[in-house]
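Source file: upload_31.cif; contents: mmCIF, C-alpha atoms.
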```cif
data_input
#
loop_
_atom_site.label_atom_id
_atom_site.label_comp_id
_atom_site.auth_asym_id
_atom_site.auth_seq_id
_atom_site.Cartn_x
_atom_site.Cartn_y
_atom_site.Cartn_z
CA MET A 27 70.38 -10.10 -12.72
CA LEU A 28 67.42 -10.59 -15.03
CA LEU A 29 65.90 -13.04 -12.58
CA TYR A 30 66.34 -10.52 -9.78
CA ILE A 31 64.56 -7.78 -11.79
CA LYS A 32 61.67 -10.15 -12.60
CA ASN A 33 61.31 -11.13 -8.96
CA SER A 34 61.38 -7.49 -7.90
CA LEU A 35 58.65 -6.58 -10.40
CA ILE A 36 56.51 -9.43 -9.12
CA ILE A 37 56.94 -8.25 -5.54
CA ILE A 38 56.12 -4.63 -6.46
CA THR A 39 53.04 -5.69 -8.47
CA CYS A 40 51.74 -7.84 -5.63
CA SER A 41 52.37 -5.07 -3.12
CA LEU A 42 50.44 -2.55 -5.24
CA ALA A 43 47.60 -5.04 -5.61
CA LEU A 44 47.47 -5.58 -1.87
CA ILE A 45 47.47 -1.82 -1.25
CA GLY A 46 44.65 -1.43 -3.81
CA CYS A 47 42.61 -4.18 -2.18
CA LYS A 48 43.17 -2.63 1.24
CA LYS A 49 42.05 0.81 0.05
CA LYS A 50 38.98 -0.71 -1.62
CA LYS A 51 38.14 -2.58 1.55
CA GLU A 52 38.55 0.57 3.62
CA ASN A 53 36.20 2.49 1.29
CA GLU A 54 33.48 -0.16 1.36
CA GLN A 55 30.63 0.51 3.76
CA ASN A 56 29.78 -2.18 6.23
CA PRO A 57 25.99 -2.69 6.39
CA GLU A 58 26.35 -3.27 10.11
CA ASP A 59 27.69 0.29 10.51
CA PHE A 60 24.31 1.70 9.50
CA ASP A 61 22.05 2.73 12.39
CA ARG A 62 19.12 0.41 11.76
CA ASN A 63 17.78 1.12 15.23
CA SER A 64 17.22 4.77 14.28
CA LEU A 65 15.67 3.69 10.98
CA LEU A 66 13.17 1.40 12.70
CA GLU A 67 12.46 3.98 15.37
CA ASN A 68 11.59 6.55 12.73
CA LEU A 69 9.51 4.11 10.71
CA GLY A 70 7.61 2.92 13.77
CA ASP A 71 7.17 6.15 15.74
CA ASN A 72 6.97 8.67 12.93
CA ILE A 73 5.25 6.81 10.10
CA ILE A 74 3.51 3.52 10.88
CA LYS A 75 1.98 4.34 14.24
CA PRO A 76 0.73 7.83 13.21
CA ARG A 77 -0.80 6.38 10.06
CA TYR A 78 -2.64 3.75 12.06
CA ASP A 79 -3.70 6.46 14.52
CA ASP A 80 -5.24 8.43 11.66
CA LEU A 81 -6.92 5.37 10.15
CA ASN A 82 -8.33 4.42 13.53
CA ASN A 83 -9.68 7.94 14.09
CA THR A 84 -11.25 8.20 10.64
CA VAL A 85 -13.00 4.82 10.73
CA ASN A 86 -14.26 5.51 14.24
CA THR A 87 -15.69 8.84 13.08
CA LEU A 88 -17.29 7.18 10.08
CA ASN A 89 -18.73 4.37 12.19
CA THR A 90 -20.22 6.79 14.73
CA SER A 91 -22.03 8.67 11.97
CA ILE A 92 -23.32 5.47 10.40
CA ALA A 93 -24.36 4.03 13.78
CA ASN A 94 -26.41 7.17 14.45
CA LEU A 95 -28.39 6.87 11.23
CA THR A 96 -32.12 6.40 11.63
CA ILE A 97 -34.93 6.17 9.14
CA PRO A 98 -35.77 8.46 7.46
CA VAL A 99 -32.18 8.98 6.31
CA THR A 100 -31.66 12.56 5.10
CA THR A 101 -29.60 14.04 2.28
CA THR A 102 -27.45 15.76 4.90
CA ASP A 103 -26.78 12.39 6.51
CA ILE A 104 -25.63 10.82 3.25
CA THR A 105 -23.57 13.82 2.18
CA ASN A 106 -21.67 13.89 5.49
CA ILE A 107 -21.10 10.15 5.55
CA ARG A 108 -19.86 10.12 1.96
CA THR A 109 -17.26 12.74 2.92
CA GLN A 110 -16.18 10.74 5.97
CA PHE A 111 -16.02 7.58 3.85
CA LYS A 112 -13.61 9.23 1.41
CA THR A 113 -11.42 10.48 4.28
CA ALA A 114 -11.22 7.01 5.84
CA TYR A 115 -10.61 5.29 2.50
CA LEU A 116 -7.76 7.70 1.73
CA SER A 117 -6.30 7.04 5.17
CA TRP A 118 -6.35 3.31 4.52
CA GLN A 119 -4.12 3.78 1.44
CA SER A 120 -1.26 4.91 3.67
CA CYS A 121 -1.51 1.73 5.78
CA SER A 122 -1.92 -0.82 3.01
CA SER A 123 1.85 -1.50 2.88
CA PHE A 124 1.91 -2.74 6.48
CA GLU A 125 0.39 -6.21 6.04
CA PHE A 126 2.65 -7.91 8.56
CA GLY A 127 2.48 -8.50 12.30
CA PRO A 128 -0.93 -7.43 13.66
CA ALA A 129 -2.34 -6.61 10.21
CA ALA A 130 -1.36 -10.03 8.84
CA ASN A 131 -2.81 -11.74 11.89
CA THR A 132 -6.20 -10.11 11.26
CA THR A 133 -5.96 -10.18 7.41
CA LEU A 134 -6.63 -6.45 7.54
CA LYS A 135 -6.07 -5.80 3.83
CA PHE A 136 -8.63 -8.39 2.78
CA ASN A 137 -11.13 -7.31 5.43
CA LEU A 138 -10.91 -3.68 4.37
CA ASN A 139 -10.26 -3.60 0.64
CA THR A 140 -11.18 -6.69 -1.38
CA TYR A 141 -12.65 -5.38 -4.60
CA PRO A 142 -14.67 -5.41 -6.70
CA SER A 143 -17.41 -6.04 -4.20
CA ASP A 144 -19.80 -8.91 -4.92
CA THR A 145 -23.10 -7.08 -5.01
CA SER A 146 -25.10 -10.28 -5.37
CA VAL A 147 -23.69 -11.56 -2.07
CA ILE A 148 -24.35 -8.18 -0.45
CA ASN A 149 -27.95 -8.14 -1.67
CA ASN A 150 -28.51 -11.75 -0.61
CA ASN A 151 -27.15 -10.96 2.85
CA ILE A 152 -29.47 -7.97 3.09
CA THR A 153 -32.50 -9.96 1.98
CA ASN A 154 -31.88 -13.12 3.96
CA GLY A 155 -30.05 -11.87 7.08
CA GLY A 156 -28.24 -14.34 9.31
CA TYR A 157 -24.86 -13.56 7.73
CA ASN A 158 -21.44 -13.90 9.33
CA LEU A 159 -19.20 -11.18 7.91
CA GLY A 160 -16.08 -12.96 9.12
CA THR A 161 -16.41 -15.95 6.77
CA ALA A 162 -14.51 -16.42 3.52
CA ALA A 163 -17.81 -16.40 1.62
CA ASN A 164 -18.30 -12.76 2.58
CA ILE A 165 -14.80 -11.45 1.84
CA ALA A 166 -16.10 -9.51 -1.20
CA ALA A 167 -19.16 -8.27 0.70
CA ILE A 168 -17.38 -6.29 3.42
CA GLY A 169 -14.89 -3.46 3.84
CA PHE A 170 -14.69 -0.15 2.04
CA PRO A 171 -15.85 -1.66 -1.28
CA ALA A 172 -19.12 -2.79 0.34
CA LEU A 173 -19.65 0.71 1.77
CA ASP A 174 -18.77 2.08 -1.67
CA PHE A 175 -21.68 0.14 -3.16
CA LEU A 176 -24.13 0.87 -0.36
CA LEU A 177 -23.42 4.61 -0.22
CA PHE A 178 -22.83 5.33 -3.93
CA ASN A 179 -24.76 2.76 -5.97
CA ASP A 180 -26.52 5.87 -7.27
CA THR A 181 -24.48 9.08 -7.37
CA ASN A 182 -27.66 11.06 -6.75
CA VAL A 183 -27.82 11.68 -3.00
CA SER A 184 -31.61 11.78 -2.98
CA ASN A 185 -31.77 8.38 -4.63
CA THR A 186 -29.39 6.99 -2.02
CA THR A 187 -31.61 8.26 0.79
CA ALA A 188 -34.53 6.54 -0.96
CA PHE A 189 -32.41 3.36 -1.08
CA PHE A 190 -32.32 3.34 2.73
CA ASN A 191 -35.81 4.74 3.24
CA ASP A 192 -37.47 2.10 1.07
CA VAL A 193 -40.38 0.55 2.98
CA THR A 194 -39.59 -3.04 1.96
CA ASN A 195 -35.78 -3.29 2.25
CA GLY A 196 -34.56 0.05 3.55
CA ASN A 197 -34.22 -0.98 7.18
CA LYS A 198 -32.37 -4.17 6.20
CA ARG A 199 -29.99 -2.17 4.04
CA LEU A 200 -29.33 0.24 6.87
CA THR A 201 -28.65 -2.66 9.24
CA TYR A 202 -26.17 -4.16 6.79
CA LEU A 203 -24.44 -0.79 6.33
CA LYS A 204 -24.02 -0.52 10.09
CA ASP A 205 -22.75 -4.08 10.42
CA VAL A 206 -20.13 -3.61 7.71
CA SER A 207 -19.03 -0.35 9.32
CA VAL A 208 -18.64 -2.03 12.70
CA TYR A 209 -16.64 -4.85 11.10
CA ILE A 210 -14.25 -2.29 9.58
CA LYS A 211 -13.95 -0.44 12.88
CA ASN A 212 -13.27 -3.59 14.89
CA SER A 213 -10.67 -4.82 12.40
CA VAL A 214 -8.80 -1.51 12.46
CA ASN A 215 -9.13 -1.14 16.23
CA THR A 216 -7.53 -4.56 16.76
CA VAL A 217 -4.47 -3.69 14.66
CA HIS A 218 -4.21 -0.18 16.07
CA ASN A 219 -4.35 -1.45 19.64
CA SER A 220 -1.51 -3.88 18.93
CA TRP A 221 0.70 -1.09 17.64
CA GLN A 222 -0.32 1.04 20.64
CA GLY A 223 0.71 -1.84 22.87
CA SER A 224 3.70 -4.15 22.69
CA TYR A 225 4.11 -4.58 18.95
CA LEU A 226 5.77 -1.19 18.40
CA SER A 227 8.63 -2.30 20.67
CA THR A 228 8.74 -5.68 18.94
CA PHE A 229 9.03 -3.91 15.60
CA LYS A 230 11.83 -1.58 16.70
CA ASN A 231 13.83 -4.36 18.38
CA ALA A 232 13.86 -6.79 15.43
CA ASN A 233 16.64 -4.86 13.72
CA GLY A 234 18.23 -7.44 11.43
CA THR A 235 17.58 -8.00 7.71
CA ASP A 236 16.58 -11.67 7.81
CA VAL A 237 13.14 -12.96 6.86
CA GLY A 238 11.65 -12.42 10.33
CA SER A 239 13.23 -9.02 10.93
CA SER A 240 11.19 -5.83 10.75
CA ILE A 241 13.10 -4.64 7.68
CA GLY A 242 12.58 -8.02 6.02
CA LEU A 243 8.86 -8.00 6.83
CA LEU A 244 8.33 -4.40 5.72
CA ILE A 245 10.29 -4.71 2.46
CA ASN A 246 8.31 -7.83 1.56
CA SER A 247 5.02 -6.22 2.53
CA LEU A 248 5.54 -2.97 0.62
CA ASN A 249 6.72 -4.88 -2.45
CA LEU A 250 3.72 -7.18 -2.42
CA ASP A 251 1.38 -4.24 -1.90
CA PHE A 252 2.91 -2.27 -4.74
CA GLU A 253 3.20 -5.13 -7.21
CA LYS A 254 -0.11 -6.89 -6.65
CA PHE A 255 -2.45 -4.30 -5.17
CA ILE A 256 -1.26 -1.01 -6.69
CA ARG A 257 0.27 -1.91 -10.05
CA ASP A 258 -2.14 -4.78 -10.77
CA GLY A 259 -5.23 -4.13 -8.66
CA LYS A 260 -5.58 -0.40 -9.16
CA VAL A 261 -4.25 -0.15 -12.73
CA GLY A 262 -3.26 -3.34 -14.52
CA ILE A 263 -6.44 -5.38 -14.14
CA PRO A 264 -8.85 -2.53 -15.00
CA VAL A 265 -6.80 -1.52 -18.06
CA GLY A 266 -6.75 -5.10 -19.37
CA LYS A 267 -3.29 -6.45 -18.53
CA ARG A 268 -4.84 -9.72 -17.32
CA SER A 269 -7.57 -9.90 -20.00
CA LEU A 270 -5.64 -9.73 -23.29
CA GLY A 271 -6.04 -5.97 -23.57
CA THR A 272 -9.76 -5.86 -22.89
CA ALA A 273 -10.46 -3.13 -20.33
CA LEU A 274 -12.42 -4.17 -17.25
CA PRO A 275 -13.64 -0.90 -15.74
CA GLU A 276 -15.92 -2.72 -13.30
CA LYS A 277 -12.80 -4.15 -11.63
CA SER A 278 -11.64 -0.69 -10.56
CA GLU A 279 -11.25 0.31 -6.95
CA ALA A 280 -14.07 2.56 -5.65
CA PHE A 281 -16.11 1.83 -8.77
CA TYR A 282 -19.31 3.41 -7.43
CA SER A 283 -17.92 6.48 -5.67
CA LYS A 284 -15.45 7.21 -8.51
CA TYR A 285 -12.67 7.91 -5.98
CA SER A 286 -10.18 5.56 -7.63
CA LEU A 287 -7.81 8.26 -8.92
CA PRO A 288 -7.27 10.09 -5.58
CA LEU A 289 -6.93 6.69 -3.87
CA LEU A 290 -4.23 5.69 -6.35
CA GLU A 291 -2.44 9.01 -5.96
CA GLU A 292 -2.48 8.67 -2.18
CA SER A 293 -1.10 5.13 -2.31
CA ILE A 294 1.83 6.26 -4.50
CA SER A 295 2.58 9.28 -2.33
CA SER A 296 2.40 7.23 0.87
CA LEU A 297 4.78 4.60 -0.51
CA GLN A 298 7.37 7.16 -1.57
CA ASN A 299 7.23 8.85 1.83
CA LEU A 300 7.62 5.47 3.52
CA ILE A 301 10.72 4.63 1.50
CA ASN A 302 12.23 8.06 2.18
CA GLY A 303 11.34 7.95 5.87
CA ASN A 304 9.14 11.04 5.65
CA GLY A 305 6.43 11.13 8.29
CA GLU A 306 5.30 13.77 10.73
CA LEU A 307 8.93 14.84 11.12
CA THR A 308 10.77 15.98 7.99
CA GLY A 309 14.27 14.94 7.09
CA SER A 310 14.07 11.69 9.04
CA ILE A 311 16.05 8.54 8.31
CA GLY A 312 14.64 6.20 5.67
CA PHE A 313 15.56 3.41 3.27
CA ASP A 314 17.04 6.01 0.94
CA ASP A 315 19.63 6.82 3.61
CA TYR A 316 20.37 3.12 4.08
CA LEU A 317 20.92 2.72 0.32
CA ASN A 318 23.20 5.77 0.22
CA HIS A 319 25.20 4.40 3.15
CA LEU A 320 25.71 1.17 1.23
CA GLY A 321 26.67 3.04 -1.95
CA ALA A 322 23.89 1.18 -3.81
CA LYS A 323 23.83 1.99 -7.52
CA HIS A 324 21.57 1.44 -10.50
CA GLY A 325 23.84 1.92 -13.47
CA ASN A 326 25.71 5.16 -12.83
CA ASP A 327 23.03 6.60 -10.54
CA ASN A 328 22.52 6.22 -6.82
CA LEU A 329 19.73 3.68 -6.39
CA SER A 330 17.88 6.03 -4.03
CA THR A 331 17.94 8.74 -6.73
CA LYS A 332 16.80 6.29 -9.38
CA ILE A 333 13.87 5.19 -7.23
CA ASN A 334 12.75 8.76 -6.54
CA ASN A 335 13.15 9.68 -10.21
CA GLN A 336 10.90 6.77 -11.07
CA PHE A 337 8.27 8.03 -8.63
CA ALA A 338 8.50 11.36 -10.49
CA SER A 339 7.90 9.56 -13.80
CA ILE A 340 4.87 7.81 -12.31
CA ASN A 341 3.47 11.09 -11.01
CA GLN A 342 3.92 12.64 -14.44
CA LYS A 343 1.82 9.89 -16.01
CA LEU A 344 -0.73 10.25 -13.20
CA SER A 345 -1.01 13.98 -13.84
CA VAL A 346 -2.55 13.46 -17.30
CA LEU A 347 -5.42 11.42 -15.84
CA THR A 348 -8.42 13.48 -14.82
CA ASN A 349 -11.27 11.02 -14.34
CA SER A 350 -11.80 7.88 -12.28
CA ILE A 351 -9.83 4.86 -13.44
CA ASP A 352 -12.95 3.08 -14.70
CA ARG A 353 -13.51 5.98 -17.11
CA GLU A 354 -9.85 6.43 -18.03
CA VAL A 355 -9.41 2.78 -19.10
CA ILE A 356 -12.23 3.32 -21.61
CA ASP A 357 -11.59 6.90 -22.73
CA ASN A 358 -7.78 7.07 -22.43
CA GLN A 359 -6.52 3.50 -22.36
CA ALA A 360 -3.15 4.47 -23.86
CA ASN A 361 -2.49 6.89 -21.00
CA VAL A 362 -3.31 4.24 -18.41
CA ASN A 363 -1.08 1.72 -20.19
CA ALA A 364 1.73 4.27 -20.11
CA LEU A 365 1.19 4.66 -16.37
CA TYR A 366 1.30 0.89 -15.93
CA ASP A 367 4.64 0.73 -17.76
CA GLU A 368 6.14 3.26 -15.33
CA LEU A 369 4.74 1.34 -12.37
CA GLN A 370 6.36 -1.83 -13.73
CA LYS A 371 9.76 -0.11 -13.82
CA LEU A 372 9.39 0.69 -10.14
CA VAL A 373 8.53 -2.95 -9.40
CA VAL A 374 11.99 -3.91 -10.67
CA LEU A 375 13.74 -1.19 -8.67
CA LEU A 376 11.97 -2.15 -5.43
CA LYS A 377 11.70 -5.91 -5.77
CA VAL A 378 15.13 -6.59 -7.29
CA ASP A 379 17.49 -3.67 -6.65
CA LEU A 380 16.25 -2.42 -3.27
CA SER A 381 15.79 -5.85 -1.72
CA SER A 382 19.14 -7.07 -3.04
CA ALA A 383 21.00 -4.00 -1.77
CA LEU A 384 19.51 -4.47 1.69
CA SER A 385 20.11 -8.26 1.63
CA VAL A 386 16.38 -8.91 2.07
CA LEU A 387 14.95 -12.14 0.68
CA ILE A 388 11.64 -11.70 -1.16
CA THR A 389 9.51 -14.54 0.13
CA TYR A 390 6.16 -14.09 -1.63
CA GLN A 391 5.55 -15.81 -4.96
CA ASP A 392 4.87 -14.11 -8.29
CA ASN A 393 3.16 -16.58 -10.57
CA ASP A 394 1.74 -14.28 -13.25
CA GLY A 395 4.78 -14.29 -15.51
CA ASP A 396 5.84 -10.67 -15.04
#
```
So, in terms of structure tokens, how does the structure I just supplied come out?
Amino acid sequence: MLLYIKNSLIIITCSLALIGCKKKKENEQNPEDFDRNSLLENLGDNIIKPRYDDLNNTVNTLNTSIANLTIPVTTTDITNIRTQFKTAYLSWQSCSSFEFGPAANTTLKFNLNTYPSDTSVINNNITNGGYNLGTAANIAAIGFPALDFLLFNDTNVSNTTAFFNDVTNGNKRLTYLKDVSVYIKNSVNTVHNSWQGSYLSTFKNANGTDVGSSIGLLINSLNLDFEKFIRDGKVGIPVGKRSLGTALPEKSEAFYSKYSLPLLEESISSLQNLINGNGELTGSIGFDDYLNHLGAKHGNDNLSTKINNQFASINQKLSVLTNSIDREVIDNQANVNALYDELQKLVVLLKVDLSSALSVLITYQDNDGD
């Protein structure tokens, strides 16, 4: 009798365990049930392509104005071009996360935004001529940072007009300005045309999560952009995270124009909108929806909520900064360090939690010990 009772209890316990496992299995979300086609369609049609459209339009407008410059350059000329430069530079921030496919093939990020610019190379090119802007030797003498130096090396507009109207070197400087502008335009046009053509379909059709899939490429690209070019390039290096605490203001983005803070703000805003799938249409499907579908958690919180809360923490630290980053790292280094700490927390959420939840392998290498 006792043996019968023991056997019955074992059977009941196993049955309950099987029922529990079955219920758990039924409640789990299958990643394959998520509509990745709609996700990629929204990302491609509603976010990536429109952002490249805007970048293409703004650099074309800027290039037309620069191409039309003649000596004597006027204060009106410089004032208008400076405004167009800022508009185009801000537009670039929203595309910086897309360094895959056409952008990777043309090394768009390096062509457009390698900073700080090497002013000695720029000045040598101007003096000697015969330069090839497409060579590795000129990577720090092109792009927006080169325009930043040429258009803002003196914040006084009248002095900048004199820079181009100088009898000895003014015409050479103007020629170099035009050549750099054309190089930017051609680089952007090439990538834009690819997205206008067949690559948009290629992007939307590669709907897996493997290394070569669109989700795999985009997650890797946005992580690399955030970790190396936003956290480090825009904040960490200038505030001294790579120089034993010694601030390096001259390493800041847009050092001459002093546009570094709005550029940083735009890059953060653009990244959050990308992750949430927010483009020209509101309420569209994004990675946050994918995470929610998977039931992804960070502690007791939904991972999507945790990520957006961290963006809020970053924006709070940004809100106390009022000057360009090169000034803030000298005058308010503690505030910039506090911002860096919040950026680092987001690195973990995006590079570890997000990629793991989506089963995306991070393929780029981080060798700086962070």
Distance query Phe252 of chain A at most 12 Å, all atoms listed in the file, self and fewer than 3 positions along chain excluded, as a PDB file with C-alpha atoms, in the coordinates of the input:
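Output contents, as saved in result.pdb:
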```
ATOM      1  CA  GLN A 119      -4.120   3.780   1.440  1.00  0.00           C
ATOM      2  CA  SER A 120      -1.260   4.910   3.670  1.00  0.00           C
ATOM      3  CA  SER A 122      -1.920  -0.820   3.010  1.00  0.00           C
ATOM      4  CA  SER A 123       1.850  -1.500   2.880  1.00  0.00           C
ATOM      5  CA  PHE A 124       1.910  -2.740   6.480  1.00  0.00           C
ATOM      6  CA  GLU A 125       0.390  -6.210   6.040  1.00  0.00           C
ATOM      7  CA  LEU A 244       8.330  -4.400   5.720  1.00  0.00           C
ATOM      8  CA  ILE A 245      10.290  -4.710   2.460  1.00  0.00           C
ATOM      9  CA  ASN A 246       8.310  -7.830   1.560  1.00  0.00           C
ATOM     10  CA  SER A 247       5.020  -6.220   2.530  1.00  0.00           C
ATOM     11  CA  LEU A 248       5.540  -2.970   0.620  1.00  0.00           C
ATOM     12  CA  ASN A 249       6.720  -4.880  -2.450  1.00  0.00           C
ATOM     13  CA  PHE A 255      -2.450  -4.300  -5.170  1.00  0.00           C
ATOM     14  CA  ILE A 256      -1.260  -1.010  -6.690  1.00  0.00           C
ATOM     15  CA  ARG A 257       0.270  -1.910 -10.050  1.00  0.00           C
ATOM     16  CA  ASP A 258      -2.140  -4.780 -10.770  1.00  0.00           C
ATOM     17  CA  GLY A 259      -5.230  -4.130  -8.660  1.00  0.00           C
ATOM     18  CA  LYS A 260      -5.580  -0.400  -9.160  1.00  0.00           C
ATOM     19  CA  VAL A 261      -4.250  -0.150 -12.730  1.00  0.00           C
ATOM     20  CA  GLY A 262      -3.260  -3.340 -14.520  1.00  0.00           C
ATOM     21  CA  LEU A 290      -4.230   5.690  -6.350  1.00  0.00           C
ATOM     22  CA  SER A 293      -1.100   5.130  -2.310  1.00  0.00           C
ATOM     23  CA  ILE A 294       1.830   6.260  -4.500  1.00  0.00           C
ATOM     24  CA  SER A 295       2.580   9.280  -2.330  1.00  0.00           C
ATOM     25  CA  SER A 296       2.400   7.230   0.870  1.00  0.00           C
ATOM     26  CA  LEU A 297       4.780   4.600  -0.510  1.00  0.00           C
ATOM     27  CA  GLN A 298       7.370   7.160  -1.570  1.00  0.00           C
ATOM     28  CA  TYR A 366       1.300   0.890 -15.930  1.00  0.00           C
ATOM     29  CA  LEU A 369       4.740   1.340 -12.370  1.00  0.00           C
ATOM     30  CA  GLN A 370       6.360  -1.830 -13.730  1.00  0.00           C
ATOM     31  CA  LYS A 371       9.760  -0.110 -13.820  1.00  0.00           C
ATOM     32  CA  LEU A 372       9.390   0.690 -10.140  1.00  0.00           C
ATOM     33  CA  VAL A 373       8.530  -2.950  -9.400  1.00  0.00           C
ATOM     34  CA  VAL A 374      11.990  -3.910 -10.670  1.00  0.00           C
ATOM     35  CA  LEU A 375      13.740  -1.190  -8.670  1.00  0.00           C
ATOM     36  CA  LEU A 376      11.970  -2.150  -5.430  1.00  0.00           C
ATOM     37  CA  LYS A 377      11.700  -5.910  -5.770  1.00  0.00           C
TER      38      LYS A 377
END
```
Next on the checklist: Just want the 9 Å neighbourhood of Ile340 of chain A, counted on all atoms listed in the file, with same-chain residues fewer than 2 positions away dropped. Output as number ranges by chain.
Outcome noted: A: 294, 335-338, 342-345, 365-369, 372
Checklist entry - With all atoms listed in the file as the atoms that count, which of A:Arg108, A:Ala322, A:Leu66, A:Gly266 lies nearest to Ala360 of chain A? => result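 Between A:Arg108, A:Ala322, A:Leu66, A:Gly266, the residue approaching Ala360 of chain A most closely is A:Gly266.
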Next on the checklist: For a quick check of understanding, using only C-alpha atoms, which of A:Asn89, A:Ser269, A:Ser213, A:Ser381 has the smallest distance to Asp236 of chain A?
Outcome noted: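 Residue with the minimum atom-to-atom distance to Asp236 of chain A: A:Ser381.
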Item to check | Closest of A:Leu329, A:Ser207, A:Ala166, A:Phe189 to Asp379 of chain A - atom-to-atom distances counting only C-alpha atoms | outcome: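 Looking only at the distances to Asp379 of chain A, the closest residue turns out to be A:Leu329.
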